[in-house]
Amino acid sequence: MTTIPDVTRPGPEDTDGHPGSAPDVSLEADALVHAPGPPPGASRPRTALRAAVPPLVLGSALIGLWYVISYVILEPHRRFLLQPPHQVLDNGFLDWDAYSRILRALWNSTQVALIGLGIAISIGFFLATIMSQAKMVERAVFPFAVTLQAIPILAIVPMIGFWFGYGTTARVIVCIIISLFPIIMNTLFGLQSAERGMHDLFTLHHANRLTRLRKLMFPAALPAVFAGLRISAGLSVIGAIVGDFFFGQGEAGIGQLLRRYASQLDGEELLTSVIMSSALGVVVFWTFGWIQKLVIGKWHETEVLG
């Protein structure tokens with residue numbers, strides 16, 4: 001048998017001029033991996049700056065465009081169509097009488113939106129759970145859910161007012177109709193997205209439907225569920241405002257103020273109401289995003305490089 005000689009790569013010479021041993025590459029790599037890096041909070045200001053600069057730049061550009069439209073494009077006698085930002089700030093936000101009226105109306109619309117969203121969440125979760133457990137129920141409910149989403153809400157608003165009156169109940173029903181479909185579809189998609197191998201594992205352990213639903217399907221569905229909730233939350237705010245436009249009985253909502261200011265050509269108050277309505281939608285959207293992080297953290301989020 002022929003033996004292969006042990007050929008050792010010569011290492012660097014030591015101080016006596018004799019060949020030294022070869023460096024241990026694995027130790028060097030381990031030292032690089034565990035080398036002390038920058039403190040965890042060192043890059044936070046830079047990250048916050050990178051996140052804040054683009055919106056600030058775009059917002060400044062939009063305000064500049066707003067001024068151009070108000071003072072350059074629009075003639076003075078037509079400037080009421082888009083008042084400049086400083087006049088909106090003075091007459092809309094800094095005038096407490098007008099601003100407090102807008103806040104009260106916004107709070108009334110917020111209550112209607114939250115009630116409608118809560119009912120839509122209950123109905124949507126119930127239907128999606130049943131649909132995930134029985135294909136027959138899914139085939140029966142799915143076409144009607146799509147039809148409900150496809151019907152223009154403005155087309156059925158007169159019927160809603162005829163059947164349920166023109167007060168708060170009708171506004172809540174509009175919120176339910178407009179926000180129900182995303183909850184059903186996203187929840188159903190999430191419940192059906194659990195891995196097949198995990199289902200096989202639960203079957204191997206003879207798990208019943210309730211255990212499978214509670215320990216496998218619902219945890220797997222949480223990212224999709226919260227995606228649907230964030231969409232439906234914004235739609236519920238829109239439904240509350242649309243309901244205010246058509247149902248004028250009861251306490252005034254922000255939609256009624258929008259219609260009133262538009263009919264009276266009060267440009268500053270109208271733009272203030274529009275801005276506050278948008279802020280309400282953003283706050284509701286961010287609130288559900290914050291709840292999502294509290295409940296499931298960031299384990300489902302994909303990392304975007306760059």
# chains A, B, ... in the order shown; residues from 1 in each chain; ligands from 1

$ residues_around --residues "Glu268 (chain A)" --least-positions-apart "3" --cutoff "8 Å" --atoms "only C-alpha atoms" --output "PDB file with N, CA and C atoms, in the first residue's frame"
ATOM      1  N   GLN A  83     -57.491  77.400  -1.031  1.00  0.00           N
ATOM      2  CA  GLN A  83     -56.851  78.431  -0.247  1.00  0.00           C
ATOM      3  C   GLN A  83     -55.419  78.017   0.091  1.00  0.00           C
ATOM      4  N   GLN A  87     -53.506  80.177   5.232  1.00  0.00           N
ATOM      5  CA  GLN A  87     -54.875  80.575   5.531  1.00  0.00           C
ATOM      6  C   GLN A  87     -55.689  79.410   6.088  1.00  0.00           C
ATOM      7  N   VAL A  88     -55.424  78.208   5.568  1.00  0.00           N
ATOM      8  CA  VAL A  88     -56.076  77.022   6.127  1.00  0.00           C
ATOM      9  C   VAL A  88     -55.659  76.826   7.580  1.00  0.00           C
ATOM     10  N   LEU A  89     -54.379  77.077   7.871  1.00  0.00           N
ATOM     11  CA  LEU A  89     -53.899  76.946   9.246  1.00  0.00           C
ATOM     12  C   LEU A  89     -54.546  77.975  10.153  1.00  0.00           C
ATOM     13  N   ASN A  91     -57.457  79.893   9.669  1.00  0.00           N
ATOM     14  CA  ASN A  91     -58.921  79.869   9.758  1.00  0.00           C
ATOM     15  C   ASN A  91     -59.494  78.493  10.087  1.00  0.00           C
ATOM     16  N   GLY A  92     -58.701  77.444   9.900  1.00  0.00           N
ATOM     17  CA  GLY A  92     -59.201  76.112  10.160  1.00  0.00           C
ATOM     18  C   GLY A  92     -58.695  75.513  11.457  1.00  0.00           C
ATOM     19  N   LEU A 271     -60.968  72.241   3.746  1.00  0.00           N
ATOM     20  CA  LEU A 271     -59.665  71.585   3.684  1.00  0.00           C
ATOM     21  C   LEU A 271     -59.237  71.067   5.056  1.00  0.00           C
ATOM     22  N   THR A 272     -59.566  71.793   6.115  1.00  0.00           N
ATOM     23  CA  THR A 272     -59.256  71.311   7.466  1.00  0.00           C
ATOM     24  C   THR A 272     -59.998  70.016   7.758  1.00  0.00           C
TER      25      THR A 272
END

$ residues_around --residues "Gln133 (chain A)" --least-positions-apart "5" --cutoff "9 Å" --atoms "only C-alpha atoms" --output "list in words"
Ala128, Glu138, Arg209 and Leu213 of chain A

$ write_last_selection --atoms "C-alpha atoms" --output "compact mmCIF listing (two decimals), in the first residue's frame"
# COMPACT_ATOMS: atom_id res chain seq x y z
CA ALA A 128 -64.25 32.74 7.55
CA GLU A 138 -67.26 28.22 1.35
CA ARG A 209 -60.92 20.14 14.62
CA LEU A 213 -58.02 25.35 14.55

$ residues_around --residues "Ala220 (chain A)" --least-positions-apart "3" --cutoff "9 Å" --atoms "only C-alpha atoms" --output "list in words"
Gly190, Leu191, Gln192, Ser193, Ala194, Glu195, Lys215, Leu216, Met217, Pro223 and Ala224 of chain A

$ closest_atom_pairs --of "region 137-162 of chain A" --to "region 104-124 of chain A" --cutoff "12 Å" --atoms "only C-alpha atoms" --output "CSV"
residue,atom,partner,partner_atom,distance
A:Val141,CA,A:Gly124,CA,11.4
A:Phe142,CA,A:Gly124,CA,11.9
A:Ala145,CA,A:Gly124,CA,10.1

$ write_last_selection --atoms "C-alpha atoms" --output "compact mmCIF listing (two decimals), in the first residue's frame"
# COMPACT_ATOMS: atom_id res chain seq x y z
CA VAL A 141 -70.94 32.04 0.92
CA PHE A 142 -68.11 33.11 -1.39
CA ALA A 145 -69.41 37.93 -0.37

$ closest_residue --among "A:Leu265, A:Val53, A:Ala240, A:Met185" --to "Arg78 (chain A)" --atoms "only C-alpha atoms"
A:Leu265

$ closest_residue --among "A:Trp96, A:Phe144, A:Phe80, A:Phe202" --to "Leu180 (chain A)" --atoms "only C-alpha atoms"
A:Phe144

$ atom_distance --atom1 "CA of Leu103 (chain A)" --atom2 "CA of Thr287 (chain A)"
19.0 Å

$ atom_distance --atom1 "CA of Lys293 (chain A)" --atom2 "CA of Leu49 (chain A)"
22.1 Å

$ closest_residue --among "A:Ala52, A:Ala262, A:Ile241, A:Ala134" --to "Ser278 (chain A)" --atoms "only C-alpha atoms"
A:Ile241

$ select_by_dssp --residues "region 200-276 of chain A" --states "helix (DSSP H, G or I)" --output "number ranges by chain"
A: 200-204, 209-246, 254-264, 267-276

$ atom_distance --atom1 "CA of Thr147 (chain A)" --atom2 "CA of Ile130 (chain A)"
18.9 Å

$ residues_around --residues "Ile178 (chain A)" --least-positions-apart "5" --cutoff "10 Å" --atoms "only C-alpha atoms" --output "PDB file with N, CA and C atoms, in the first residue's frame"
ATOM      1  N   GLY A 116     -69.100  49.937  13.568  1.00  0.00           N
ATOM      2  CA  GLY A 116     -69.250  49.153  12.351  1.00  0.00           C
ATOM      3  C   GLY A 116     -68.106  48.184  12.133  1.00  0.00           C
ATOM      4  N   LEU A 117     -66.887  48.625  12.440  1.00  0.00           N
ATOM      5  CA  LEU A 117     -65.725  47.742  12.278  1.00  0.00           C
ATOM      6  C   LEU A 117     -65.785  46.571  13.247  1.00  0.00           C
ATOM      7  N   ALA A 120     -68.297  44.127  11.910  1.00  0.00           N
ATOM      8  CA  ALA A 120     -67.757  43.479  10.711  1.00  0.00           C
ATOM      9  C   ALA A 120     -66.695  42.448  11.061  1.00  0.00           C
ATOM     10  N   LEU A 148     -71.444  41.284  -2.554  1.00  0.00           N
ATOM     11  CA  LEU A 148     -71.553  42.386  -1.600  1.00  0.00           C
ATOM     12  C   LEU A 148     -70.443  43.404  -1.803  1.00  0.00           C
ATOM     13  N   GLN A 149     -69.244  42.925  -2.120  1.00  0.00           N
ATOM     14  CA  GLN A 149     -68.126  43.829  -2.361  1.00  0.00           C
ATOM     15  C   GLN A 149     -68.274  44.566  -3.679  1.00  0.00           C
ATOM     16  N   ALA A 150     -68.887  43.919  -4.672  1.00  0.00           N
ATOM     17  CA  ALA A 150     -68.982  44.515  -6.010  1.00  0.00           C
ATOM     18  C   ALA A 150     -70.098  45.549  -6.122  1.00  0.00           C
ATOM     19  N   ILE A 151     -71.081  45.511  -5.226  1.00  0.00           N
ATOM     20  CA  ILE A 151     -72.183  46.467  -5.297  1.00  0.00           C
ATOM     21  C   ILE A 151     -71.678  47.860  -4.927  1.00  0.00           C
ATOM     22  N   PRO A 152     -71.877  48.864  -5.763  1.00  0.00           N
ATOM     23  CA  PRO A 152     -71.485  50.232  -5.372  1.00  0.00           C
ATOM     24  C   PRO A 152     -72.286  50.676  -4.151  1.00  0.00           C
ATOM     25  N   ILE A 153     -71.569  51.134  -3.153  1.00  0.00           N
ATOM     26  CA  ILE A 153     -72.236  51.480  -1.898  1.00  0.00           C
ATOM     27  C   ILE A 153     -73.238  52.612  -2.101  1.00  0.00           C
ATOM     28  N   ILE A 173     -74.427  50.446   9.392  1.00  0.00           N
ATOM     29  CA  ILE A 173     -74.630  49.407   8.379  1.00  0.00           C
ATOM     30  C   ILE A 173     -73.761  49.674   7.154  1.00  0.00           C
ATOM     31  N   SER A 232     -59.617  46.950   6.346  1.00  0.00           N
ATOM     32  CA  SER A 232     -61.006  47.194   6.724  1.00  0.00           C
ATOM     33  C   SER A 232     -61.145  48.395   7.652  1.00  0.00           C
ATOM     34  N   GLY A 234     -59.462  51.226   7.504  1.00  0.00           N
ATOM     35  CA  GLY A 234     -59.554  52.409   6.651  1.00  0.00           C
ATOM     36  C   GLY A 234     -60.872  52.487   5.910  1.00  0.00           C
ATOM     37  N   LEU A 235     -61.352  51.338   5.440  1.00  0.00           N
ATOM     38  CA  LEU A 235     -62.639  51.327   4.733  1.00  0.00           C
ATOM     39  C   LEU A 235     -63.789  51.693   5.667  1.00  0.00           C
ATOM     40  N   SER A 236     -63.690  51.309   6.920  1.00  0.00           N
ATOM     41  CA  SER A 236     -64.745  51.656   7.864  1.00  0.00           C
ATOM     42  C   SER A 236     -64.822  53.164   8.083  1.00  0.00           C
ATOM     43  N   VAL A 237     -63.684  53.821   8.118  1.00  0.00           N
ATOM     44  CA  VAL A 237     -63.685  55.281   8.228  1.00  0.00           C
ATOM     45  C   VAL A 237     -64.339  55.903   7.001  1.00  0.00           C
ATOM     46  N   ILE A 238     -64.016  55.373   5.823  1.00  0.00           N
ATOM     47  CA  ILE A 238     -64.654  55.874   4.602  1.00  0.00           C
ATOM     48  C   ILE A 238     -66.163  55.655   4.652  1.00  0.00           C
ATOM     49  N   GLY A 239     -66.579  54.462   5.141  1.00  0.00           N
ATOM     50  CA  GLY A 239     -68.005  54.190   5.246  1.00  0.00           C
ATOM     51  C   GLY A 239     -68.712  55.147   6.183  1.00  0.00           C
ATOM     52  N   ALA A 240     -68.063  55.503   7.286  1.00  0.00           N
ATOM     53  CA  ALA A 240     -68.674  56.451   8.212  1.00  0.00           C
ATOM     54  C   ALA A 240     -68.851  57.818   7.572  1.00  0.00           C
TER      55      ALA A 240
END

$ closest_residue --among "A:Gly167, A:Ala48, A:Leu201, A:Gln292" --to "Glu251 (chain A)" --atoms "only C-alpha atoms"
A:Gly167
